[in-house]
Amino acid sequence: MTDACQRFLFDEADIRGEVVELDSVLESACEHHQYPLPVARLLGEALAACALMRATIKLEGQLTLQVYGDDDAAISLLLVHADGDGAMRGTVRYQGEPQRGGLHQLCGNARLAITIEPEDGQRYQGVVGTEEEGLAATLETYFRDSEQLPTRFFLASDGARAAGMLLQRMPQKTSEGESPAVDPDAWERVGHLAATLSERELLETGSEELLHKLFHQETVRVFEPRELYFRCRCSAERIASILRGLEREEIDKVLDEAGVVEVRCEFCGAAFRYDRVDVEHALADSATPGSERYH
Ligand SMILES: [Zn+2]
């Protein structure tokens, strides 16, 4: 299994962890785009981070990680989603051909938003400014300040594959009769062990082997891996709503010139074509599919 997330627990300390490996998910997300390498790498890291965070949530529903770049930045929007069933997708809007850089260099003074949309219940969003050190540091700040949950992120991507690890100190049990963490030094120690990991090791070592290599002197319980896969939610209906957001004059101009309007899904590259009749239906109501869908 190459696209998977795996949970682990330190039995003698209140620490949980997740490791993730992404291969075909990142490949599919990049398939219909010609992302410059630094953009593809950042997308890989963001997908890995999104999978790790989604894995820590018990609710059914979607977790979204969004970065809004500032006006002059190479990346204006980075958007990744993870569902509870392992489905993921992601896309990047960028300009130019950036040759290097991570989150801060590519997105400028950006804002990063994490949104949780449970199937039943209230939508929740938290926002944090980006840290110069990168995506992992930004997420660590977010969890420290917004969630009061000490969390460490380790992320790596070479643009074709991505990997990551999350460590989280679980809330101390405070009710009477419960003892505090059996091993009060564990958080520091485990963090130091994880920090010895190079990005290359993270990317090239399988999850089980990685956990053994890092934590063989700790008591770690490892759970079954859960499969992740790329799945887009686009449909003629959703794309029709994009059409409704365009200027009528623009649509008519394209129809006059080409006979059809083509709208392409940013996530999976699927193209939806609308002729004049389809356009009238789509603009009139929300339930009309395009006449043709192809990849
Ligand atoms: Zn799509």
# chains A, B, ... in the order shown; residues from 1 in each chain; ligands from 1
$ select_by_dssp --residues "segment 119-236 of chain A" --states "strand (DSSP E)" --output "MDAnalysis selection string"
chainID A and resid 124:129 151:157 162:169 220:222 226:227 229:230
$ select_by_dssp --residues "segment 13-216 of chain A" --states "alpha helix (DSSP H)" --output "count of residues only"
67
$ residues_around --residues "Glu227 of chain A" --least-positions-apart "4" --cutoff "10 Å" --atoms "only C-alpha atoms" --output "list in words"
Met1, Thr2, Asp3, Ala4, Cys5, Gln6, Val20, Glu21, Leu22, Asp85, Gly86 and Ala87 of chain A
$ write_last_selection --atoms "C-alpha atoms" --output "PDB file, in the first residue's frame"
ATOM      1  CA  MET A   1       0.000   0.000   0.000  1.00  0.00           C
ATOM      2  CA  THR A   2       1.634   3.247  -1.041  1.00  0.00           C
ATOM      3  CA  ASP A   3      -1.082   5.785  -0.259  1.00  0.00           C
ATOM      4  CA  ALA A   4      -1.930   5.323   3.382  1.00  0.00           C
ATOM      5  CA  CYS A   5      -2.108   6.877   6.793  1.00  0.00           C
ATOM      6  CA  GLN A   6      -1.232   4.920   9.908  1.00  0.00           C
ATOM      7  CA  VAL A  20       1.373   9.184   5.944  1.00  0.00           C
ATOM      8  CA  GLU A  21       2.762   8.158   2.583  1.00  0.00           C
ATOM      9  CA  LEU A  22       1.324   9.564  -0.651  1.00  0.00           C
ATOM     10  CA  ASP A  85     -13.270   7.777   3.888  1.00  0.00           C
ATOM     11  CA  GLY A  86      -9.735   8.448   2.647  1.00  0.00           C
ATOM     12  CA  ALA A  87     -10.666  10.445  -0.463  1.00  0.00           C
TER      13      ALA A  87
END
$ atom_distance --atom1 "atom CA of Ala49 of chain A" --atom2 "atom CA of Asp72 of chain A"
25.2 Å
$ closest_atom_pairs --of "chain A" --to "ligand 1" --cutoff "10 Å" --atoms "only C-alpha atoms and all ligand atoms" --output "CSV"
residue,atom,partner,partner_atom_place_in_ligand_line,distance
A:Ala29,CA,ligand 1,1 (Zn),9.9
A:Arg89,CA,ligand 1,1 (Zn),8.8
A:Gly90,CA,ligand 1,1 (Zn),9.9
A:Arg231,CA,ligand 1,1 (Zn),7.9
A:Cys232,CA,ligand 1,1 (Zn),4.6
A:Arg233,CA,ligand 1,1 (Zn),5.9
A:Cys234,CA,ligand 1,1 (Zn),4.2
A:Ser235,CA,ligand 1,1 (Zn),7.2
A:Ala236,CA,ligand 1,1 (Zn),9.7
A:Arg238,CA,ligand 1,1 (Zn),9.5
A:Ile239,CA,ligand 1,1 (Zn),9.0
A:Arg264,CA,ligand 1,1 (Zn),7.9
A:Cys265,CA,ligand 1,1 (Zn),4.6
A:Glu266,CA,ligand 1,1 (Zn),6.5
A:Phe267,CA,ligand 1,1 (Zn),4.9
A:Cys268,CA,ligand 1,1 (Zn),4.0
A:Gly269,CA,ligand 1,1 (Zn),6.0
A:Ala270,CA,ligand 1,1 (Zn),5.4
A:Ala271,CA,ligand 1,1 (Zn),8.3
A:Phe272,CA,ligand 1,1 (Zn),9.8
A:His295,CA,ligand 1,1 (Zn),9.6
$ residues_around --residues "segment 196-201 of chain A" --least-positions-apart "3" --cutoff "8 Å" --atoms "only C-alpha atoms" --output "mmCIF file with C-alpha atoms, in the first residue's frame"
data_model
loop_
_atom_site.group_PDB
_atom_site.id
_atom_site.type_symbol
_atom_site.label_atom_id
_atom_site.label_comp_id
_atom_site.auth_asym_id
_atom_site.auth_seq_id
_atom_site.Cartn_x
_atom_site.Cartn_y
_atom_site.Cartn_z
ATOM 1 C CA LEU A 155 6.654 16.923 6.011
ATOM 2 C CA ALA A 156 8.565 16.026 2.864
ATOM 3 C CA SER A 157 7.844 15.913 -0.851
ATOM 4 C CA HIS A 192 13.954 14.975 19.661
ATOM 5 C CA LEU A 193 13.980 11.479 18.194
ATOM 6 C CA GLU A 204 12.143 7.031 1.302
ATOM 7 C CA THR A 205 11.382 4.912 4.362
ATOM 8 C CA LEU A 214 12.893 6.214 15.314
#
$ closest_atom_pairs --of "segment 31-59 of chain A" --to "segment 119-139 of chain A" --cutoff "9 Å" --atoms "only C-alpha atoms" --output "tab-separated table"
residue	atom	partner	partner_atom	distance
A:Leu42	CA	A:Leu135	CA	8.3
A:Glu45	CA	A:Leu135	CA	7.7
A:Ala46	CA	A:Leu135	CA	7.6
A:Ala49	CA	A:Ala136	CA	8.0
A:Leu59	CA	A:Glu119	CA	7.8
